[in-house]
Every structure is written in structure tokens, then in C-alpha cells.
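K.L.:
Okay, so here is work.csv, and as you'll see once you scroll down, it has CSV, C-alpha atoms and all ligand atoms.
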```
chain,number,residue,atom,x,y,z
A,2,MET,CA,0.0,0.0,0.0
A,3,LEU,CA,1.2,3.4,-0.9
A,4,THR,CA,-0.1,6.6,0.6
A,5,GLY,CA,0.3,9.8,-1.4
A,6,GLY,CA,0.6,7.7,-4.6
A,7,ALA,CA,-1.0,10.4,-6.7
A,8,GLY,CA,1.8,12.9,-5.8
A,9,PHE,CA,5.2,13.6,-7.2
A,10,ILE,CA,7.3,11.0,-5.4
A,11,GLY,CA,4.5,8.5,-4.7
A,12,SER,CA,3.4,8.3,-8.4
A,13,ASN,CA,6.9,7.5,-9.4
A,14,ILE,CA,7.2,4.8,-6.7
A,15,SER,CA,3.8,3.4,-7.8
A,16,LYS,CA,5.0,3.0,-11.4
A,17,ALA,CA,8.2,1.2,-10.2
A,18,TYR,CA,6.1,-1.1,-7.9
A,19,ILE,CA,3.8,-2.0,-10.7
A,20,GLU,CA,6.8,-2.8,-13.0
A,21,ALA,CA,8.4,-4.9,-10.2
A,22,GLY,CA,5.2,-7.0,-10.0
A,23,TYR,CA,3.8,-5.7,-6.7
A,24,GLU,CA,0.1,-5.4,-6.2
A,25,VAL,CA,-0.4,-1.7,-5.5
A,26,ILE,CA,-3.1,-0.1,-3.4
A,27,ILE,CA,-3.1,3.7,-3.3
A,28,VAL,CA,-4.6,5.9,-0.6
A,29,ASP,CA,-4.7,9.6,-1.6
A,30,ASP,CA,-7.1,12.4,-0.9
A,31,LEU,CA,-5.9,14.2,-4.1
A,32,SER,CA,-5.3,17.4,-2.2
A,33,THR,CA,-2.2,18.0,-4.3
A,34,GLY,CA,-1.9,14.7,-6.2
A,35,LYS,CA,-3.3,14.2,-9.6
A,36,LYS,CA,-5.8,11.6,-10.7
A,37,GLU,CA,-3.9,11.2,-14.0
A,38,TYR,CA,-0.9,9.9,-12.1
A,39,ILE,CA,-2.9,7.0,-10.7
A,40,TYR,CA,-2.2,4.1,-13.0
A,41,PRO,CA,-5.0,1.7,-14.1
A,42,GLU,CA,-3.2,-1.3,-12.6
A,43,VAL,CA,-3.7,0.0,-9.0
A,44,THR,CA,-6.6,-0.2,-6.6
A,45,PHE,CA,-7.3,3.4,-5.6
A,46,TYR,CA,-9.0,4.7,-2.4
A,47,HIS,CA,-9.8,8.4,-2.4
A,48,THR,CA,-9.4,8.7,1.3
A,49,ASP,CA,-7.7,10.9,3.9
A,50,VAL,CA,-5.0,9.1,5.9
A,51,THR,CA,-6.1,10.9,9.1
A,52,HIS,CA,-9.6,9.4,8.8
A,53,PRO,CA,-10.7,6.3,10.7
A,54,ASP,CA,-11.8,4.8,7.3
A,55,PHE,CA,-8.1,4.4,6.6
A,56,LEU,CA,-7.8,1.7,9.3
A,57,GLU,CA,-10.8,-0.1,7.8
A,58,ILE,CA,-9.1,0.0,4.3
A,59,VAL,CA,-5.9,-1.5,5.7
A,60,ALA,CA,-7.8,-4.2,7.6
A,61,LYS,CA,-9.6,-5.1,4.4
A,62,GLU,CA,-6.6,-5.0,2.0
A,63,LYS,CA,-4.1,-6.6,4.4
A,64,PRO,CA,-0.9,-5.1,2.8
A,65,ASP,CA,2.5,-6.4,3.8
A,66,ILE,CA,3.9,-2.9,3.7
A,67,ILE,CA,2.6,0.7,4.0
A,68,ASN,CA,4.8,3.1,2.1
A,69,HIS,CA,3.7,6.4,3.6
A,70,HIS,CA,4.3,9.4,1.3
A,71,ALA,CA,1.1,11.3,1.9
A,72,ALA,CA,1.8,14.7,3.6
A,73,GLN,CA,1.2,18.4,3.7
A,74,ILE,CA,4.6,19.5,2.1
A,75,ASP,CA,4.3,23.2,1.7
A,76,VAL,CA,6.6,25.0,4.2
A,77,GLN,CA,4.6,28.3,4.0
A,78,THR,CA,1.3,26.6,4.6
A,79,SER,CA,2.9,24.8,7.6
A,80,ILE,CA,3.8,28.1,9.2
A,81,LYS,CA,0.5,29.8,8.4
A,82,ASN,CA,-1.6,26.8,9.4
A,83,SER,CA,0.4,24.7,11.9
A,84,VAL,CA,-2.7,22.9,13.1
A,85,LEU,CA,-3.6,21.6,9.7
A,86,ASP,CA,0.0,20.7,9.0
A,87,ALA,CA,0.3,18.8,12.3
A,88,LYS,CA,-3.0,17.0,11.8
A,89,ILE,CA,-1.9,15.6,8.4
A,90,ASN,CA,1.7,15.0,9.0
A,91,ILE,CA,1.7,14.0,12.7
A,92,LEU,CA,-1.7,12.5,13.4
A,93,GLY,CA,-1.9,11.1,9.8
A,94,THR,CA,1.4,9.2,10.4
A,95,ILE,CA,0.2,7.9,13.9
A,96,ASN,CA,-2.9,6.6,12.1
A,97,VAL,CA,-0.7,4.8,9.6
A,98,LEU,CA,1.4,3.4,12.5
A,99,GLU,CA,-1.7,2.1,14.2
A,100,ALA,CA,-2.6,0.3,11.0
A,101,CYS,CA,0.9,-1.1,10.8
A,102,LYS,CA,0.6,-2.3,14.5
A,103,ILE,CA,-2.8,-3.9,14.1
A,104,ASN,CA,-2.1,-5.6,10.7
A,105,ASN,CA,1.6,-6.4,11.2
A,106,CYS,CA,2.8,-4.2,8.2
A,107,GLN,CA,6.2,-3.0,7.5
A,108,LEU,CA,6.5,0.8,7.2
A,109,ILE,CA,8.4,3.2,4.9
A,110,TYR,CA,8.2,6.8,6.1
A,111,ALA,CA,9.2,9.8,3.9
A,112,SER,CA,10.9,12.3,6.2
A,113,SER,CA,12.9,15.2,5.1
A,114,ALA,CA,16.2,17.1,5.4
A,115,ALA,CA,14.0,19.9,6.8
A,116,VAL,CA,14.3,18.2,10.2
A,117,TYR,CA,18.0,19.2,10.5
A,118,GLY,CA,17.3,23.0,10.3
A,119,VAL,CA,20.3,25.2,9.8
A,120,PRO,CA,23.3,22.9,9.3
A,121,GLU,CA,25.9,23.0,12.1
A,122,TYR,CA,28.4,21.3,9.8
A,123,LEU,CA,28.2,20.2,6.2
A,124,GLY,CA,28.0,16.7,4.9
A,125,ILE,CA,25.0,16.4,7.3
A,126,ASP,CA,24.9,12.9,8.6
A,127,GLU,CA,22.0,11.2,10.5
A,128,GLU,CA,23.7,12.0,13.8
A,129,HIS,CA,23.5,15.7,13.1
A,130,ASN,CA,21.3,17.6,15.6
A,131,VAL,CA,17.7,17.9,14.8
A,132,SER,CA,16.5,21.6,15.0
A,133,PRO,CA,13.8,22.3,12.5
A,134,ILE,CA,13.1,26.0,11.6
A,135,SER,CA,9.6,25.5,10.3
A,136,SER,CA,6.4,23.8,11.4
A,137,TYR,CA,6.9,21.4,8.4
A,138,GLY,CA,10.3,20.4,9.8
A,139,ILE,CA,8.7,19.7,13.2
A,140,SER,CA,5.8,17.8,11.7
A,141,LYS,CA,8.0,15.6,9.6
A,142,HIS,CA,10.3,14.9,12.6
A,143,THR,CA,7.8,14.2,15.3
A,144,PRO,CA,6.5,10.9,13.6
A,145,GLU,CA,10.1,9.6,13.6
A,146,HIS,CA,9.8,9.3,17.4
A,147,TYR,CA,6.5,7.5,17.2
A,148,ILE,CA,7.9,5.1,14.6
A,149,SER,CA,10.9,4.3,16.9
A,150,LEU,CA,8.4,3.8,19.8
A,151,TYR,CA,6.1,1.5,17.8
A,152,SER,CA,9.1,-0.5,16.6
A,153,GLU,CA,10.2,-0.9,20.2
A,154,LEU,CA,6.8,-1.7,21.6
A,155,TYR,CA,5.1,-3.6,18.7
A,156,ASN,CA,8.0,-4.7,16.5
A,157,VAL,CA,6.9,-2.6,13.6
A,158,GLU,CA,9.7,-2.9,11.0
A,159,TYR,CA,10.5,0.4,9.3
A,160,THR,CA,12.7,2.6,7.2
A,161,ILE,CA,12.7,6.3,7.7
A,162,PHE,CA,14.1,8.2,4.7
A,163,ARG,CA,15.3,11.8,5.1
A,164,TYR,CA,15.3,13.0,1.5
A,165,ALA,CA,17.4,15.9,0.3
A,166,ASN,CA,15.9,18.2,-2.5
A,167,ALA,CA,14.0,15.8,-4.8
A,168,TYR,CA,13.4,16.7,-8.4
A,169,GLY,CA,12.1,15.1,-11.6
A,170,LYS,CA,9.0,14.3,-13.4
A,171,HIS,CA,5.5,14.9,-11.8
A,172,GLN,CA,6.9,17.5,-9.4
A,173,ILE,CA,4.6,20.5,-9.1
A,174,PRO,CA,6.4,23.8,-9.9
A,175,LYS,CA,5.4,25.5,-6.6
A,176,GLY,CA,6.8,26.2,-3.2
A,177,GLU,CA,10.3,26.4,-1.7
A,178,GLY,CA,11.7,22.9,-2.3
A,179,GLY,CA,11.0,22.6,-6.0
A,180,VAL,CA,13.5,25.1,-7.4
A,181,ILE,CA,14.3,22.8,-10.4
A,182,SER,CA,10.6,22.3,-11.2
A,183,ILE,CA,10.2,26.1,-11.2
A,184,MET,CA,13.3,26.4,-13.5
A,185,VAL,CA,11.8,23.9,-15.9
A,186,ASP,CA,8.4,25.6,-15.8
A,187,CYS,CA,10.0,29.0,-16.6
A,188,ALA,CA,11.9,27.4,-19.5
A,189,VAL,CA,8.8,25.8,-20.9
A,190,LYS,CA,6.6,28.9,-20.5
A,191,GLY,CA,9.4,31.4,-21.4
A,192,THR,CA,8.9,33.3,-18.1
A,193,GLU,CA,11.4,34.9,-15.9
A,194,PHE,CA,13.3,32.8,-13.3
A,195,ASN,CA,13.9,34.5,-10.0
A,196,VAL,CA,17.0,33.8,-8.0
A,197,PHE,CA,16.9,35.0,-4.4
A,198,GLY,CA,20.4,36.2,-3.4
A,199,ASP,CA,23.5,35.8,-5.5
A,200,GLY,CA,22.8,32.3,-6.7
A,201,GLU,CA,25.8,30.9,-4.8
A,202,GLN,CA,23.6,29.0,-2.3
A,203,THR,CA,24.1,25.3,-2.5
A,204,ARG,CA,21.7,22.3,-2.4
A,205,ASP,CA,21.8,18.6,-2.7
A,206,TYR,CA,19.5,17.7,-5.6
A,207,ILE,CA,18.5,14.1,-5.7
A,208,HIS,CA,16.8,12.7,-8.8
A,209,ILE,CA,13.4,10.9,-8.4
A,210,ASP,CA,14.7,7.7,-10.0
A,211,ASP,CA,17.3,7.4,-7.2
A,212,ILE,CA,14.6,8.0,-4.6
A,213,VAL,CA,12.5,5.3,-6.2
A,214,LYS,CA,15.4,2.9,-6.2
A,215,ALA,CA,15.9,3.4,-2.5
A,216,ASN,CA,12.2,2.7,-1.9
A,217,LEU,CA,12.5,-0.6,-3.8
A,218,GLN,CA,15.4,-1.6,-1.7
A,219,ALA,CA,13.7,-0.8,1.6
A,220,THR,CA,10.6,-2.6,0.5
A,221,LYS,CA,12.6,-5.8,0.2
A,222,THR,CA,14.8,-5.2,3.3
A,223,PRO,CA,13.8,-2.7,5.9
A,224,ALA,CA,16.7,-0.8,7.4
A,225,ASN,CA,15.0,-0.2,10.8
A,226,GLU,CA,17.0,3.0,10.9
A,227,ILE,CA,16.9,6.6,9.8
A,228,VAL,CA,18.6,7.0,6.4
A,229,ASN,CA,19.5,10.1,4.4
A,230,ILE,CA,18.8,9.8,0.7
A,231,SER,CA,21.0,12.3,-1.1
A,232,THR,CA,23.8,12.7,-3.6
A,233,GLY,CA,26.3,13.9,-1.0
A,234,VAL,CA,27.1,16.7,-3.5
A,235,ALA,CA,26.5,20.4,-3.0
A,236,THR,CA,25.7,22.4,-6.2
A,237,THR,CA,25.2,26.1,-6.4
A,238,LEU,CA,22.0,27.4,-8.0
A,239,ASN,CA,24.2,29.3,-10.5
A,240,ASP,CA,25.9,26.0,-11.6
A,241,THR,CA,22.5,24.3,-11.7
A,242,LEU,CA,21.2,27.0,-14.0
A,243,GLU,CA,24.3,26.7,-16.2
A,244,ILE,CA,24.1,22.9,-16.5
A,245,PHE,CA,20.3,23.1,-17.2
A,246,GLN,CA,20.7,25.6,-20.0
A,247,GLU,CA,23.7,23.8,-21.5
A,248,GLN,CA,22.0,20.4,-21.4
A,249,ASN,CA,18.7,21.6,-22.9
A,250,LYS,CA,20.0,24.3,-25.2
A,251,VAL,CA,17.7,26.9,-23.7
A,252,GLN,CA,18.3,30.4,-22.4
A,253,LEU,CA,16.5,31.5,-19.3
A,254,GLU,CA,15.8,35.0,-18.4
A,255,VAL,CA,17.3,35.2,-14.9
A,256,LYS,CA,16.5,37.9,-12.4
A,257,TYR,CA,18.5,38.3,-9.2
A,258,LEU,CA,16.5,39.5,-6.2
A,259,ALA,CA,17.3,40.2,-2.5
A,260,GLU,CA,18.1,37.1,-0.4
A,261,ARG,CA,15.0,35.9,1.6
A,262,PRO,CA,15.3,35.9,5.3
A,263,GLY,CA,15.3,32.4,6.8
A,264,ASP,CA,16.7,30.7,3.6
A,265,ILE,CA,19.5,28.3,4.4
A,266,LYS,CA,22.6,29.2,2.5
A,267,HIS,CA,24.3,25.8,2.1
A,268,SER,CA,23.2,22.2,2.5
A,269,TYR,CA,24.2,18.7,1.5
A,270,LEU,CA,23.7,15.4,3.2
A,271,LYS,CA,26.0,12.4,3.6
A,272,ASN,CA,24.6,9.1,2.2
A,273,ASP,CA,27.1,6.6,3.5
A,274,LYS,CA,24.4,4.9,5.7
A,275,ALA,CA,22.1,4.3,2.7
A,276,LYS,CA,25.0,2.9,0.8
A,277,ARG,CA,25.8,0.5,3.7
A,278,LEU,CA,22.4,-0.5,4.8
A,279,LEU,CA,20.4,-0.5,1.6
A,280,ASN,CA,23.2,-1.4,-0.9
A,281,TRP,CA,22.1,1.8,-2.7
A,282,SER,CA,23.9,4.7,-4.3
A,283,PRO,CA,22.7,7.6,-6.4
A,284,GLU,CA,23.2,7.0,-10.1
A,285,VAL,CA,21.6,9.9,-12.0
A,286,SER,CA,23.9,12.8,-12.6
A,287,LEU,CA,22.5,16.3,-12.3
A,288,ALA,CA,23.2,16.9,-16.0
A,289,GLU,CA,21.3,13.8,-17.0
A,290,GLY,CA,18.5,14.4,-14.5
A,291,LEU,CA,18.0,18.0,-15.7
A,292,LYS,CA,17.8,16.9,-19.3
A,293,GLN,CA,15.3,14.1,-18.5
A,294,THR,CA,13.1,16.5,-16.4
A,295,TYR,CA,13.0,19.2,-19.1
A,296,GLU,CA,12.3,16.6,-21.8
A,297,PHE,CA,9.3,15.4,-19.8
A,298,TYR,CA,7.8,18.8,-19.3
A,299,SER,CA,8.5,20.2,-22.8
A,300,LYS,CA,6.5,17.3,-24.4
B,401,LIG,N1,9.7,16.7,-2.7
B,401,LIG,C1,10.7,16.8,-1.9
B,401,LIG,O1,11.7,17.4,-2.2
B,401,LIG,C2,10.6,16.1,-0.6
B,401,LIG,C3,11.8,16.2,0.2
B,401,LIG,C4,11.7,15.6,1.5
B,401,LIG,C5,10.6,14.8,1.9
B,401,LIG,N2,9.5,14.7,1.1
B,401,LIG,C6,8.4,14.0,1.5
B,401,LIG,O2,8.0,13.1,0.5
B,401,LIG,C7,6.6,12.9,0.6
B,401,LIG,C8,6.0,13.1,-0.8
B,401,LIG,O3,6.2,14.4,-1.2
B,401,LIG,P1,5.9,15.0,-2.7
B,401,LIG,O4,7.0,16.0,-3.0
B,401,LIG,O5,5.7,13.8,-3.6
B,401,LIG,O6,4.6,15.8,-2.4
B,401,LIG,P2,3.2,15.8,-3.2
B,401,LIG,O7,2.4,16.9,-2.6
B,401,LIG,O8,3.4,15.8,-4.7
B,401,LIG,O9,2.5,14.4,-2.7
B,401,LIG,C9,1.8,14.2,-1.6
B,401,LIG,C10,0.6,13.4,-1.9
B,401,LIG,O10,-0.1,13.1,-0.6
B,401,LIG,C11,-1.5,13.4,-0.8
B,401,LIG,N3,-2.0,13.8,0.5
B,401,LIG,C12,-1.8,14.9,1.1
B,401,LIG,N4,-2.5,14.9,2.3
B,401,LIG,C13,-3.1,13.7,2.4
B,401,LIG,C14,-4.0,13.1,3.3
B,401,LIG,N5,-4.3,13.7,4.4
B,401,LIG,N6,-4.5,11.9,3.0
B,401,LIG,C15,-4.2,11.2,1.9
B,401,LIG,N7,-3.4,11.8,0.9
B,401,LIG,C16,-2.9,13.0,1.2
B,401,LIG,C17,-1.6,14.5,-1.9
B,401,LIG,O11,-2.8,14.5,-2.6
B,401,LIG,C18,-0.4,14.0,-2.8
B,401,LIG,O12,-0.8,13.1,-3.8
B,401,LIG,C19,6.0,13.8,1.6
B,401,LIG,O13,5.9,13.0,2.8
B,401,LIG,C20,7.1,14.8,1.8
B,401,LIG,O14,7.2,15.4,3.1
B,401,LIG,C21,9.5,15.4,-0.2
```
Starting from the file, lay out its structure as C-alpha cells.
Ligand SMILES: NC(=O)c1ccc[n+]([C@@H]2O[C@H](COP(=O)([O-])OP(=O)(O)OC[C@H]3O[C@@H](n4cnc5c(N)ncnc54)[C@H](O)[C@@H]3O)[C@@H](O)[C@H]2O)c1
P.N.:
Amino acid sequence: MLTGGAGFIGSNISKAYIEAGYEVIIVDDLSTGKKEYIYPEVTFYHTDVTHPDFLEIVAKEKPDIINHHAAQIDVQTSIKNSVLDAKINILGTINVLEACKINNCQLIYASSAAVYGVPEYLGIDEEHNVSPISSYGISKHTPEHYISLYSELYNVEYTIFRYANAYGKHQIPKGEGGVISIMVDCAVKGTEFNVFGDGEQTRDYIHIDDIVKANLQATKTPANEIVNISTGVATTLNDTLEIFQEQNKVQLEVKYLAERPGDIKHSYLKNDKAKRLLNWSPEVSLAEGLKQTYEFYSK
């Protein structure tokens, strides 16, 4: 079972699960997900994971695993409406955990690099202090404690993924995280691309195919640990722009604006633990990933 299977990351996992021969059940309330991303091979429940109905669906379908990707992912919404954000991300995940406990399901939980907050050192590993600077960071982190507790008390097997900045097909060009999807959108529509600050800020851009691969590995063998999923490489926004334009033979109209208060200047995450525990490593280069993403959206 896959929650959030109509969204960016979930729909890509759903496709890979189908191709790998798994029976796929999707639970999604379509709040940001798209119906067209739900493949005909899956069983679909248009349901909210926070609702008691979710427990009934799991009891009926008896999945071996719940891969939980449903969430409220917008940082600004999380700050403006912390109650809603906490309800979906914290209470929703507790509901999923209850279902795992009752039905003896393994769990994959999509957490985020947002839990770390402002980095105290770079090459952020899983031992780095957790100090989120948004309600979203808090609501993604809090369920990690519950998962660890449910594992201890009820032997729920799990993998917690802390993703770096994900990009690739099906990403919605909106919000803070999706700078590459915004770049692609501007190139496709011929609109201006805004850079906040001097463009020398760095991020760790992980391609969707690598995220999917990590999920396939964890589905087979749970890590029972918190694992960063990242490239381990920091790339400046200016370099990303240059690679993007060069790979796709496009010219973006770039406008440099004032730095936004609260933006993290540099970030990249270590991925040694994922390599060790999941026999996983990132394979898609940024050049290749940017080319693939642009090709998808320009069709
Ligand atoms: N995109 C990133 O860079 C990134 C980075 C770190 C972590 N994550 C995590 O990965 C997961 C997927 O993110 P995404 O980028 O694909 O987001 P997305 O918004 O594209 O997908 C989320 C999906 O969950 C569904 N959903 C939301 N609330 C729901 C609810 N209450 N009940 C049922 N379905 C609900 C939405 O309709 C959507 O289909 C999230 O948990 C997010 O926190 C994403």
C-alpha cells in the first residue's frame, strides 16, 4: 500500500512497484496529487489518511507494507496553518502506524532534510542535531519518534528516509523545495526565473529515479533506521542553471532578487548509511536528471 501515490514521489514509486510486479493499493485524498498519475493497474481509495476509514481499508486489504508518502509538504502553509500541517503529518502518520501495528505491516516513512534545520556542519549525517526551523520540519520529525516507539513496543519494521531536495517528473512547480521544477516551468513557458540572493547558495539535488530505487530496496529489506537519501554533493544554484541551460540548449531570463530571510545558505547530506544498509547509491547525474526532467515537461 502506498499513501500519497498520486503525488510527485508517490506516483513514481507506484510505477516502479507495478513494474516490479507488486500489487499496488493507493490511498490519496488528491489534495495536491493528480488523478492522471494513478495508473489503471492499482486499486485506488480516495481517502484521507487521518480518517478512521483508513484503518478499515488497511484491515480489508491486508498489505505487507505501507509506504507512507502522503503529507502536507508546503513550508509556508505549515507556518501559516500549523494545526492543519500537524494534523496531516503527525496525526496522519500515527494513524498509519496504528494500521501497521494492528495488521503487522512494515512501514516506509518519507521524512525530510528539513528536520535538521540550519546545518551545524556540512556533509550532514544522520547524527546531526535535529533543530527544524519550520512547522513542516517539526511535523516531519515528530513521527520519527512514534515510529521508533512502535518499533520498540510492537516490533513494527521500518525505514525512515530523510530526503534531500528531490526533483524530476511529476513535481509541481510550486513552493520552496521545487526550485528545479520552477526552473523547468520557466523554460517551458518562457517566463522569468527569480534567484533570491547571489545564486551561490548550494543544495543537494537528488533525482526521483534514485529515490524510487531506495524505496524498492527498503521494500525488500527494511533498514530499521533513519537513512539520508541524497547525492552527497552540493551544487550552487548558478551552476545548476548553467548545467540546465547547456544540457537543454535553452536560455533562461534570470532575475537576481534580494536574499530571503530564513533561507538556508548551504546544504548537502551524507549518504554513507544508505550505501551501507540498503546497498544503494545515487546513479543519476545532475546533467542527466535536468535533461530528463526538461524533456518530460516540454512534451
Ligand atoms: N519533494 C521533496 O523534495 C521532498 C523532500 C523531502 C521529503 N519529502 C516527503 O515526501 C513525501 C511526498 O512528497 P511529494 O513531493 O511527492 O509531495 P506531493 O504533494 O506531490 O505528494 C503528496 C501526496 O499526498 C497526498 N495527500 C496529502 N495529504 C493527504 C491526506 N491527508 N490523506 C491522503 N493523501 C494525502 C496528496 O494528494 C499528494 O498526492 C512527503 O511526505 C514529503 O514530506 C519530499
K.L.:
Could you check which residues have any atom within 12 Å of (15.3, 21.8, 17.4), counting only C-alpha atoms with coordinates taken straight from the file, and then list them as a PyMOL selection string?
P.N.:
chain A and resi 115-121+129-136+138-140+142-143
K.L.:
Take the selection from the previous step and output its residues with C-alpha atoms, as an mmCIF file, keeping the file's coordinate frame.
P.N.:
```
data_model
loop_
_atom_site.group_PDB
_atom_site.id
_atom_site.type_symbol
_atom_site.label_atom_id
_atom_site.label_comp_id
_atom_site.auth_asym_id
_atom_site.auth_seq_id
_atom_site.Cartn_x
_atom_site.Cartn_y
_atom_site.Cartn_z
ATOM 1 C CA ALA A 115 14.000 19.900 6.800
ATOM 2 C CA VAL A 116 14.300 18.200 10.200
ATOM 3 C CA TYR A 117 18.000 19.200 10.500
ATOM 4 C CA GLY A 118 17.300 23.000 10.300
ATOM 5 C CA VAL A 119 20.300 25.200 9.800
ATOM 6 C CA PRO A 120 23.300 22.900 9.300
ATOM 7 C CA GLU A 121 25.900 23.000 12.100
ATOM 8 C CA HIS A 129 23.500 15.700 13.100
ATOM 9 C CA ASN A 130 21.300 17.600 15.600
ATOM 10 C CA VAL A 131 17.700 17.900 14.800
ATOM 11 C CA SER A 132 16.500 21.600 15.000
ATOM 12 C CA PRO A 133 13.800 22.300 12.500
ATOM 13 C CA ILE A 134 13.100 26.000 11.600
ATOM 14 C CA SER A 135 9.600 25.500 10.300
ATOM 15 C CA SER A 136 6.400 23.800 11.400
ATOM 16 C CA GLY A 138 10.300 20.400 9.800
ATOM 17 C CA ILE A 139 8.700 19.700 13.200
ATOM 18 C CA SER A 140 5.800 17.800 11.700
ATOM 19 C CA HIS A 142 10.300 14.900 12.600
ATOM 20 C CA THR A 143 7.800 14.200 15.300
#
```
K.L.:
Sort by chain and increasing residue number a table of all residues of chain A within 6 Å of ligand LIG 401 (chain B), each with its closest pair of atoms and their distance in Å to one decimal, counting all atoms listed in the file, and write it as a tab-separated table.
P.N.:
```
residue	atom	partner	partner_atom	distance
A:Gly5	CA	B:LIG401	O10	3.4
A:Gly6	CA	B:LIG401	O12	5.6
A:Ala7	CA	B:LIG401	O12	4.0
A:Gly8	CA	B:LIG401	O12	3.3
A:Phe9	CA	B:LIG401	O5	3.6
A:Ile10	CA	B:LIG401	O5	3.7
A:Gly11	CA	B:LIG401	O5	5.5
A:Val28	CA	B:LIG401	C15	5.9
A:Asp29	CA	B:LIG401	N7	3.6
A:Asp30	CA	B:LIG401	N7	4.2
A:Leu31	CA	B:LIG401	O11	3.5
A:Ser32	CA	B:LIG401	O11	3.8
A:Thr33	CA	B:LIG401	O11	3.9
A:Gly34	CA	B:LIG401	O12	3.1
A:Thr48	CA	B:LIG401	C15	5.8
A:Asp49	CA	B:LIG401	N6	3.5
A:Val50	CA	B:LIG401	N6	4.1
A:Thr51	CA	B:LIG401	N5	5.8
A:His70	CA	B:LIG401	O13	4.2
A:Ala71	CA	B:LIG401	O10	3.3
A:Ala72	CA	B:LIG401	C12	4.4
A:Gln73	CA	B:LIG401	N4	5.3
A:Ile74	CA	B:LIG401	O14	5.0
A:Ile89	CA	B:LIG401	N5	5.0
A:Ala111	CA	B:LIG401	O13	4.7
A:Ser112	CA	B:LIG401	C5	5.0
A:Ser113	CA	B:LIG401	C4	3.8
A:Tyr164	CA	B:LIG401	C4	4.4
A:Ala165	CA	B:LIG401	C3	5.6
A:Asn166	CA	B:LIG401	O1	4.3
A:Ala167	CA	B:LIG401	O1	3.8
A:Gly178	CA	B:LIG401	O1	5.5
```
K.L.:
Which is closer to Gln246 in chain A than all the others in A:Ile58, A:Val189, A:Val196, A:Ile19, using only C-alpha atoms?
P.N.:
A:Val189
K.L.:
Could you list, as an MDAnalysis selection string, every residue within 7 Å of Glu158 in chain A, counting all atoms listed in the file and ignoring same-chain residues fewer than 4 positions away?
P.N.:
chainID A and resid 107:108 152 223 225
K.L.:
Measuring between all atoms listed in the file, which one of A:Ile173, A:Val185, A:Ile209, A:Ile109 shows the shortest distance to Ala224 in chain A?
P.N.:
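Smallest distance to Ala224 in chain A is found for A:Ile109.
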K.L.:
Rank A:Arg163, A:Lys102, A:Arg277, A:Lys271 by their smallest atom-to-atom distance to Asp65 in chain A, using only C-alpha atoms, and report the top residue only.
P.N.:
A:Lys102
K.L.:
What is the CA of Lys276 in chain A to CA of Leu123 in chain A distance in Å?
P.N.:
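Those two atoms sit 18.4 Å apart.
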K.L.:
Considering only C-alpha atoms, tabulate each residue of range 38-90 of chain A that lies at most 10 Å from range 218-222 of chain A along with its nearest interatomic pair and the corresponding distance in Å to one decimal; arrange the rows by chain and ascending residue number and present them as JSON lines.
P.N.:
```
{"residue": "A:Asp65", "atom": "CA", "partner": "A:Thr220", "partner_atom": "CA", "distance": 9.5}
{"residue": "A:Ile66", "atom": "CA", "partner": "A:Thr220", "partner_atom": "CA", "distance": 7.4}
{"residue": "A:Ile67", "atom": "CA", "partner": "A:Thr220", "partner_atom": "CA", "distance": 9.3}
{"residue": "A:Asn68", "atom": "CA", "partner": "A:Thr220", "partner_atom": "CA", "distance": 8.3}
```
K.L.:
Any idea what's packed within 9 Å of Lys292 in chain A, counting all atoms listed in the file, ignoring anything in its chain fewer than 5 positions away? Could you give it as a list of chain:residue names?
P.N.:
A:Phe245, A:Gln248, A:Asn249, A:Leu287, A:Phe297
K.L.:
Quick one: distance from CA of Glu153 in chain A to CA of Glu127 in chain A in Å, one decimal?
P.N.:
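Pair CA of Glu153 in chain A / CA of Glu127 in chain A returns 19.5 Å.
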K.L.:
Between A:Thr94, A:Ser182, A:Thr44, A:Asn104, which residue has the minimum interatomic distance to Lys141 in chain A, considering all atoms listed in the file?
P.N.:
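Looking at the shortest contact to Lys141 in chain A, the residue is A:Thr94.
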K.L.:
Show me as a ChimeraX atom specification the residues that reach within 8 Å of (-3.3, 0.4, 0.1), counting all atoms listed in the file and using the file's own coordinates.
P.N.:
/A:2-4,25-28,44-46,58-59,62,64,67
K.L.:
If I take CA of Leu253 in chain A and CA of Thr192 in chain A, how far is one from the other in Å, to one decimal?
P.N.:
7.9 Å
K.L.:
Smallest atom-to-atom distance to Val255 in chain A: which of A:Tyr122, A:Tyr38, A:Phe194, A:Phe162, using only C-alpha atoms?
P.N.:
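Looking only at the distances to Val255 in chain A, the closest residue turns out to be A:Phe194.
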K.L.:
Could you pull the residues within 10 Å of Val234 in chain A, counting only C-alpha atoms, minus those fewer than 4 positions along the same chain, as a list in words?
P.N.:
Gly124, Thr203, Arg204, Asp205, Tyr206, Ile207, Ser268, Tyr269, Leu270, Lys271, Asn272 and Leu287 of chain A
K.L.:
Go through A:Cys187, A:Ala259, A:Ala100, A:Ile227 and flag the residue nearest Glu128 in chain A, using only C-alpha atoms for the distances.
P.N.:
A:Ile227
